[in-house]
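As stored in input.txt (compact mmCIF, C-alpha atoms):
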# COMPACT_ATOMS: atom_id res chain seq x y z
CA MET Z 1 0.00 0.00 0.00
CA SER Z 2 1.28 3.48 -0.76
CA ARG Z 3 -0.20 6.90 -0.28
CA GLU Z 4 -0.96 9.04 -3.25
CA PHE Z 5 -2.11 12.63 -3.37
CA ASN Z 6 -4.16 14.38 -6.00
CA LEU Z 7 -5.26 17.97 -6.37
CA VAL Z 8 -8.97 18.36 -7.12
CA VAL Z 9 -10.60 21.59 -8.33
CA ASP Z 10 -14.21 22.40 -7.51
CA ARG Z 11 -15.18 23.93 -10.86
CA ILE Z 12 -18.35 25.56 -9.49
CA THR Z 13 -16.52 27.36 -6.70
CA CYS Z 14 -13.42 28.30 -8.69
CA ASP Z 15 -13.29 31.99 -9.55
CA GLY Z 16 -10.28 31.88 -11.80
CA ARG Z 17 -8.08 33.95 -9.51
CA GLY Z 18 -4.97 32.13 -10.67
CA LEU Z 19 -2.96 31.94 -7.44
CA CYS Z 20 -2.67 28.18 -7.79
CA ALA Z 21 -0.90 28.39 -11.13
CA GLU Z 22 1.54 30.96 -9.74
CA LEU Z 23 2.38 28.78 -6.74
CA LEU Z 24 2.51 25.43 -8.53
CA PRO Z 25 3.38 26.03 -12.20
CA GLU Z 26 4.83 22.50 -12.31
CA LEU Z 27 1.32 21.04 -12.29
CA ILE Z 28 -1.14 23.86 -12.94
CA ARG Z 29 -1.52 26.15 -15.92
CA LEU Z 30 -4.32 28.55 -16.75
CA ASP Z 31 -6.70 28.44 -19.68
CA ASP Z 32 -7.51 31.53 -21.73
CA TRP Z 33 -10.05 32.70 -19.13
CA GLY Z 34 -7.74 32.21 -16.17
CA TYR Z 35 -9.14 28.90 -14.92
CA PRO Z 36 -6.74 26.16 -13.86
CA ILE Z 37 -5.85 23.12 -15.92
CA LEU Z 38 -4.26 20.40 -13.82
CA ARG Z 39 -1.71 17.97 -15.08
CA PRO Z 40 -3.27 14.53 -14.66
CA GLY Z 41 -1.71 11.88 -12.47
CA PRO Z 42 -0.57 11.67 -8.87
CA LEU Z 43 1.23 14.51 -7.13
CA PRO Z 44 5.01 14.04 -6.94
CA GLU Z 45 6.16 13.77 -3.31
CA HIS Z 46 8.46 16.80 -3.45
CA LEU Z 47 5.62 19.08 -4.57
CA LEU Z 48 3.40 18.21 -1.59
CA PRO Z 49 4.34 21.27 0.53
CA LEU Z 50 3.61 23.61 -2.40
CA ALA Z 51 0.33 21.82 -3.06
CA GLN Z 52 -0.68 22.33 0.57
CA ARG Z 53 0.11 26.03 0.23
CA VAL Z 54 -2.06 26.13 -2.92
CA VAL Z 55 -4.97 24.61 -0.96
CA GLU Z 56 -4.57 27.06 1.92
CA ASP Z 57 -4.10 30.15 -0.24
CA CYS Z 58 -6.94 29.65 -2.73
CA PRO Z 59 -9.09 32.76 -2.14
CA VAL Z 60 -12.34 30.79 -2.52
CA LEU Z 61 -11.20 27.39 -1.16
CA ALA Z 62 -11.89 25.78 -4.54
CA ILE Z 63 -8.96 23.35 -4.60
CA ALA Z 64 -8.42 20.39 -2.31
CA LEU Z 65 -5.88 17.70 -1.71
CA ARG Z 66 -7.27 14.17 -1.89
CA ARG Z 67 -5.43 11.19 -0.48
CA THR Z 68 -5.85 7.84 -2.07
CA GLU Z 69 -4.52 4.51 -0.89
CA ARG Z 70 -3.15 2.46 -3.71
CA ARG Z 71 -2.06 -1.15 -3.84
CA LYS Z 72 1.28 -1.57 -5.50
CA MET M 1 11.75 49.13 33.53
CA SER M 2 11.12 52.83 33.71
CA ASN M 3 7.57 54.03 33.43
CA SER M 4 8.26 56.40 30.59
CA LEU M 5 9.69 53.56 28.51
CA LEU M 6 6.40 51.63 28.90
CA TRP M 7 4.42 54.70 27.98
CA TYR M 8 6.49 55.44 24.88
CA THR M 9 6.15 51.80 23.85
CA THR M 10 2.36 52.04 24.18
CA ARG M 11 2.26 55.12 21.97
CA GLY M 12 4.72 53.78 19.42
CA ALA M 13 3.06 50.37 19.17
CA GLY M 14 -0.32 52.09 18.73
CA ALA M 15 0.95 54.12 15.79
CA VAL M 16 2.71 51.11 14.24
CA SER M 17 -0.47 49.02 14.65
CA MET M 18 -2.50 51.59 12.74
CA ILE M 19 0.04 51.70 9.89
CA LEU M 20 0.20 47.90 9.72
CA LEU M 21 -3.56 47.44 9.93
CA SER M 22 -4.19 50.00 7.20
CA THR M 23 -1.62 48.26 4.99
CA VAL M 24 -3.31 44.91 5.67
CA VAL M 25 -6.72 46.35 4.75
CA ILE M 26 -5.34 47.85 1.53
CA LEU M 27 -3.66 44.56 0.59
CA GLY M 28 -6.87 42.67 1.36
CA ILE M 29 -8.85 44.92 -0.96
CA LEU M 30 -6.15 44.72 -3.65
CA SER M 31 -6.29 40.93 -3.51
CA THR M 32 -9.94 41.09 -4.61
CA GLN M 33 -8.92 43.22 -7.60
CA ARG M 34 -6.70 40.59 -9.21
CA LEU M 35 -3.85 43.02 -9.62
CA GLN M 36 -0.72 41.33 -10.80
CA SER M 37 2.44 41.94 -12.76
CA PRO M 38 5.54 39.86 -13.51
CA GLY M 39 7.28 41.44 -10.50
CA TRP M 40 4.28 41.22 -8.17
CA PRO M 41 2.45 37.88 -8.35
CA ARG M 42 -0.96 37.51 -6.71
CA PHE M 43 0.26 35.16 -4.02
CA LEU M 44 2.53 37.98 -2.83
CA THR M 45 -0.50 40.19 -2.12
CA THR M 46 -2.29 37.50 -0.14
CA GLY M 47 0.89 36.30 1.60
CA LEU M 48 1.78 39.84 2.71
CA HIS M 49 -1.84 40.40 3.73
CA ARG M 50 -1.77 37.38 6.02
CA ASN M 51 1.68 37.87 7.52
CA LEU M 52 1.26 41.59 8.15
CA ALA M 53 -2.11 40.85 9.79
CA LEU M 54 -0.39 38.49 12.21
CA MET M 55 2.26 41.13 12.85
CA THR M 56 -0.46 43.71 13.52
CA LEU M 57 -1.78 41.48 16.30
CA VAL M 58 1.70 41.29 17.83
CA PHE M 59 1.98 45.07 17.93
CA LEU M 60 -1.57 45.42 19.26
CA VAL M 61 -0.77 43.02 22.09
CA LEU M 62 2.37 45.06 22.83
CA HIS M 63 0.29 48.26 22.72
CA ILE M 64 -2.30 46.87 25.14
CA VAL M 65 0.04 45.04 27.53
CA THR M 66 2.38 48.01 27.97
CA ALA M 67 -0.61 50.30 28.57
CA VAL M 68 -2.05 48.00 31.23
CA VAL M 69 1.16 47.16 33.12
CA ASP M 70 2.24 50.80 33.20
CA PRO M 71 1.72 51.62 36.91
CA PHE M 72 1.01 55.27 36.08
CA THR M 73 -2.11 54.50 34.01
CA ASN M 74 -3.47 51.96 36.53
CA LEU M 75 -5.96 50.71 33.93
CA GLY M 76 -6.33 47.08 35.00
CA TRP M 77 -6.90 44.06 32.77
CA ALA M 78 -10.69 44.42 32.78
CA ALA M 79 -10.38 47.75 30.97
CA ALA M 80 -8.31 46.04 28.28
CA LEU M 81 -10.76 43.18 27.72
CA ILE M 82 -14.27 44.52 28.43
CA PRO M 83 -15.37 47.40 26.20
CA PHE M 84 -16.34 50.64 27.97
CA SER M 85 -15.31 49.34 31.40
CA SER M 86 -12.39 51.75 31.79
CA TYR M 87 -12.70 54.66 34.23
CA TYR M 88 -10.25 56.54 32.00
CA ARG M 89 -11.60 57.88 28.67
CA THR M 90 -14.33 55.25 28.72
CA LEU M 91 -15.57 55.82 25.15
CA TRP M 92 -12.18 56.03 23.41
CA LEU M 93 -10.59 53.07 25.19
CA GLY M 94 -13.81 51.09 24.64
CA LEU M 95 -13.53 51.66 20.89
CA GLY M 96 -9.97 50.38 21.02
CA VAL M 97 -11.06 47.21 22.83
CA ILE M 98 -13.87 46.61 20.33
CA SER M 99 -11.52 47.06 17.38
CA PHE M 100 -8.95 44.68 18.90
CA GLU M 101 -11.51 41.99 19.68
CA LEU M 102 -13.03 42.21 16.21
CA LEU M 103 -9.55 41.80 14.73
CA LEU M 104 -8.91 38.81 16.98
CA ALA M 105 -12.09 37.17 15.69
CA ILE M 106 -11.17 38.01 12.08
CA VAL M 107 -7.65 36.56 12.34
CA PHE M 108 -8.76 33.52 14.32
CA THR M 109 -11.47 32.61 11.81
CA SER M 110 -9.00 33.16 8.97
CA LEU M 111 -6.63 30.62 10.50
CA LEU M 112 -9.57 28.17 10.62
CA ARG M 113 -10.88 29.12 7.18
CA GLY M 114 -10.49 25.59 5.82
CA TYR M 115 -12.81 24.23 8.54
CA LEU M 116 -15.35 27.06 8.57
CA GLY M 117 -15.94 27.16 4.85
CA HIS M 118 -15.70 30.14 2.54
CA ARG M 119 -19.09 31.72 3.28
CA VAL M 120 -18.83 31.88 7.07
CA TRP M 121 -15.24 33.06 6.86
CA ARG M 122 -16.13 35.78 4.38
CA ALA M 123 -19.08 37.04 6.42
CA ILE M 124 -16.85 37.43 9.46
CA HIS M 125 -14.06 38.93 7.37
CA TRP M 126 -16.36 41.78 6.35
CA LEU M 127 -16.18 42.93 10.00
CA THR M 128 -12.81 44.43 9.06
CA TYR M 129 -14.76 47.34 7.63
CA ALA M 130 -15.96 47.96 11.20
CA ALA M 131 -12.73 47.13 13.03
CA TRP M 132 -10.50 49.43 11.00
CA PRO M 133 -12.46 52.70 11.34
CA VAL M 134 -13.23 52.00 15.02
CA GLY M 135 -9.50 51.50 15.63
CA VAL M 136 -8.62 54.72 13.81
CA LEU M 137 -11.28 56.59 15.84
CA HIS M 138 -9.73 55.19 19.03
CA GLY M 139 -6.40 56.67 17.96
CA LEU M 140 -7.89 60.02 17.00
CA GLY M 141 -9.86 60.25 20.24
CA THR M 142 -7.26 59.26 22.78
CA GLY M 143 -3.86 59.27 21.05
CA THR M 144 -1.26 61.32 22.93
CA ASP M 145 0.36 62.29 19.64
CA THR M 146 -2.81 62.61 17.56
CA TRP M 147 -2.43 66.31 16.81
CA ALA M 148 1.32 66.31 16.30
CA ALA M 149 2.10 67.08 12.66
CA TRP M 150 3.90 63.77 12.02
CA MET M 151 1.07 61.72 13.53
CA LEU M 152 -1.54 63.68 11.58
CA ALA M 153 0.43 62.88 8.43
CA ILE M 154 0.50 59.16 9.31
CA THR M 155 -3.22 59.03 10.11
CA GLY M 156 -4.01 61.02 6.96
CA ALA M 157 -1.96 58.66 4.80
CA CYS M 158 -3.64 55.59 6.34
CA VAL M 159 -7.16 56.98 5.88
CA ALA M 160 -6.39 58.16 2.34
CA GLY M 161 -4.83 54.83 1.38
CA VAL M 162 -7.73 52.73 2.63
CA GLY M 163 -10.23 55.24 1.20
CA ILE M 164 -8.68 55.06 -2.26
CA ALA M 165 -8.62 51.25 -2.11
CA ILE M 166 -12.33 51.14 -1.14
CA VAL M 167 -13.31 53.54 -3.94
CA MET M 168 -11.29 51.40 -6.36
CA ARG M 169 -13.09 48.28 -5.19
CA LEU M 170 -16.52 49.90 -5.46
CA THR M 171 -15.94 51.30 -8.94
CA SER M 172 -14.10 48.37 -10.53
CA GLY M 173 -17.19 46.16 -10.91
CA ALA M 174 -16.99 42.40 -11.41
CA THR M 175 -13.42 41.20 -11.77
CA ASP M 176 -14.36 37.69 -12.85
CA PRO M 177 -14.42 37.56 -16.66
CA LEU M 178 -17.04 34.80 -16.59
CA ALA M 179 -19.20 36.39 -13.86
CA PRO M 180 -22.45 36.70 -15.92
CA SER M 181 -22.30 33.15 -17.24
CA ARG M 182 -21.52 31.78 -13.80
CA THR M 183 -24.44 33.60 -12.20
CA ALA M 184 -26.75 32.26 -14.90
CA PHE M 185 -25.43 28.75 -14.38
CA ARG M 186 -25.83 28.91 -10.60
CA SER M 187 -29.42 30.11 -10.79
CA ALA M 188 -30.18 27.34 -13.29
CA VAL M 189 -28.78 24.78 -10.86
CA ASP M 190 -30.79 26.31 -7.99
CA ARG M 191 -33.99 26.17 -10.05
CA ARG M 192 -33.35 22.54 -10.87
CA GLU M 193 -32.70 21.64 -7.26
CA ALA M 194 -35.81 23.50 -6.07
CA ARG M 195 -38.05 21.39 -8.31
Please, can you express the file's structure as structure tokens?
Amino acid sequence: MSREFNLVVDRITCDGRGLCAELLPELIRLDDWGYPILRPGPLPEHLLPLAQRVVEDCPVLAIALRRTERRK
Amino acid sequence: MSNSLLWYTTRGAGAVSMILLSTVVILGILSTQRLQSPGWPRFLTTGLHRNLALMTLVFLVLHIVTAVVDPFTNLGWAAALIPFSSYYRTLWLGLGVISFELLLAIVFTSLLRGYLGHRVWRAIHWLTYAAWPVGVLHGLGTGTDTWAAWMLAITGACVAGVGIAIVMRLTSGATDPLAPSRTAFRSAVDRREAR
């Protein structure tokens, strides 16, 4: 068993403020209207602290970190 | 510690608190305006907003503690915690207490924002528009240095800065490029759920 983390955007709540893409450009880019596009796949371990900052700093709390257990 | 040192600290920390708080309010308003440039990313506005807010609390605690422990003022802790309970300048000190306690609530709920949810947090955060002017009034009413030219300049700059930011916020309109479509979508969802 190993832990895996994913970032999940609540598309209804998201206001397109763009902080997430500034803080985590490795995984998040913005579309033409300023809404985030996430790179699919699990979150690399070394980006976890930045991802937590993204979750805390989102002005409308529209992005969350999900943990999934995965059998190897 | 000499009494005059405590008293000067009270006055200095009061002035610094007002400058910091005004800066925090301005940054908070700017963060709703989506201002950004290559040299000033948006997370800088919100990060400064949060850290300076925490620093404001530190200076407010210094301001209050030095005022209370100063043996010359003889205020007592009740005067620092219960609004309008001070024998000395009851109204002005009471305003200071109210402003401080509102700010405590605002910062505390911000630290718990993830648990409270966005709506509750935001409703409480609007209290800043009460806490800031009440705090400035407290300074104008009872500040030892209020009418000194340098302090008038500081107060004037703080009021002007926050005033300009508020006017900017009120006149800038919706900052979300998709605001109309989103409102339409939300009301459609609400209608569907009501059925």
Report as JSON, numbers by chain the set of chain M residues whose atoms approach chain Z to within 12 Å, with distances computed over all atoms listed in the file.
{"M": [28, 31, 32, 33, 34, 35, 36, 37, 38, 39, 40, 41, 42, 43, 44, 45, 46, 47, 48, 49, 50, 110, 111, 112, 113, 114, 115, 116, 117, 118, 119, 120, 121, 122, 174, 175, 176, 177, 178, 179, 181, 182, 183, 185, 186, 189]}
If you measure from CA of Ile124 (chain M) to CA of Glu101 (chain M), what distance in Å do you get, rounded to one decimal?
12.4 Å
With only C-alpha atoms as the atoms that count, which of M:Val68, M:Leu137, M:Leu60, M:Ala123 lies nearest to Phe100 (chain M)?
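Closest to Phe100 (chain M) of all the choices is M:Leu60.
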Give me, please, the distance in Å between CA of Thr146 (chain M) and CA of Leu127 (chain M), quoted to one decimal.
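Distance reported for this atom pair: 25.0 Å.
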Region 77-83 of chain M environment, 10 Å, only C-alpha atoms, sequence neighbours closer than 6 positions dropped, as a VMD selection string:
chain M and resid 64 to 65 67 to 69 90 to 101
Computed interatomic separation between CA of Thr171 (chain M) and CA of Leu27 (chain M) (Å)
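Interatomic distance, CA of Thr171 (chain M) to CA of Leu27 (chain M): 16.9 Å.
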Neighbours of Leu54 (chain M) within 10 Å (all atoms listed in the file; same-chain residues fewer than 6 positions away dropped), as a compact mmCIF listing (two decimals) with C-alpha atoms, in the frame of the given file?
# COMPACT_ATOMS: atom_id res chain seq x y z
CA LEU M 20 0.20 47.90 9.72
CA LEU M 21 -3.56 47.44 9.93
CA VAL M 24 -3.31 44.91 5.67
CA LEU M 48 1.78 39.84 2.71
CA LEU M 60 -1.57 45.42 19.26
CA LEU M 104 -8.91 38.81 16.98
CA VAL M 107 -7.65 36.56 12.34
CA PHE M 108 -8.76 33.52 14.32
What's the 7 Å shell around region 25-28 of chain Z, counting all atoms listed in the file, without same-chain residues fewer than 6 positions away, as JSON, numbers by chain?
{"Z": [36, 37, 38, 39]}
Region 34-46 of chain M rebuilt with N, CA and C atoms, output as a PDB file, in the frame of the given file:
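Result file selection.pdb:
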ATOM      1  N   ARG M  34      -7.501  41.377  -8.270  1.00  0.00           N
ATOM      2  CA  ARG M  34      -6.700  40.590  -9.210  1.00  0.00           C
ATOM      3  C   ARG M  34      -5.588  41.383  -9.855  1.00  0.00           C
ATOM      4  N   LEU M  35      -4.988  42.289  -9.083  1.00  0.00           N
ATOM      5  CA  LEU M  35      -3.850  43.020  -9.620  1.00  0.00           C
ATOM      6  C   LEU M  35      -2.652  42.094  -9.653  1.00  0.00           C
ATOM      7  N   GLN M  36      -1.880  42.211 -10.705  1.00  0.00           N
ATOM      8  CA  GLN M  36      -0.720  41.330 -10.800  1.00  0.00           C
ATOM      9  C   GLN M  36       0.183  41.828 -11.893  1.00  0.00           C
ATOM     10  N   SER M  37       1.472  41.604 -11.722  1.00  0.00           N
ATOM     11  CA  SER M  37       2.440  41.940 -12.760  1.00  0.00           C
ATOM     12  C   SER M  37       3.570  40.925 -12.627  1.00  0.00           C
ATOM     13  N   PRO M  38       4.458  40.856 -13.609  1.00  0.00           N
ATOM     14  CA  PRO M  38       5.540  39.860 -13.510  1.00  0.00           C
ATOM     15  C   PRO M  38       6.339  40.009 -12.210  1.00  0.00           C
ATOM     16  N   GLY M  39       6.507  41.239 -11.716  1.00  0.00           N
ATOM     17  CA  GLY M  39       7.280  41.440 -10.500  1.00  0.00           C
ATOM     18  C   GLY M  39       6.456  41.343  -9.231  1.00  0.00           C
ATOM     19  N   TRP M  40       5.140  41.247  -9.345  1.00  0.00           N
ATOM     20  CA  TRP M  40       4.280  41.220  -8.170  1.00  0.00           C
ATOM     21  C   TRP M  40       3.165  40.196  -8.369  1.00  0.00           C
ATOM     22  N   PRO M  41       3.478  38.909  -8.152  1.00  0.00           N
ATOM     23  CA  PRO M  41       2.450  37.880  -8.350  1.00  0.00           C
ATOM     24  C   PRO M  41       1.333  38.009  -7.298  1.00  0.00           C
ATOM     25  N   ARG M  42       0.196  37.381  -7.599  1.00  0.00           N
ATOM     26  CA  ARG M  42      -0.960  37.510  -6.710  1.00  0.00           C
ATOM     27  C   ARG M  42      -0.736  36.867  -5.356  1.00  0.00           C
ATOM     28  N   PHE M  43       0.067  35.785  -5.330  1.00  0.00           N
ATOM     29  CA  PHE M  43       0.260  35.160  -4.020  1.00  0.00           C
ATOM     30  C   PHE M  43       1.075  36.058  -3.091  1.00  0.00           C
ATOM     31  N   LEU M  44       1.791  37.034  -3.666  1.00  0.00           N
ATOM     32  CA  LEU M  44       2.530  37.980  -2.830  1.00  0.00           C
ATOM     33  C   LEU M  44       1.553  38.885  -2.079  1.00  0.00           C
ATOM     34  N   THR M  45       0.500  39.350  -2.778  1.00  0.00           N
ATOM     35  CA  THR M  45      -0.500  40.190  -2.120  1.00  0.00           C
ATOM     36  C   THR M  45      -1.151  39.456  -0.959  1.00  0.00           C
ATOM     37  N   THR M  46      -1.597  38.222  -1.206  1.00  0.00           N
ATOM     38  CA  THR M  46      -2.290  37.500  -0.140  1.00  0.00           C
ATOM     39  C   THR M  46      -1.319  37.072   0.967  1.00  0.00           C
TER      40      THR M  46
END
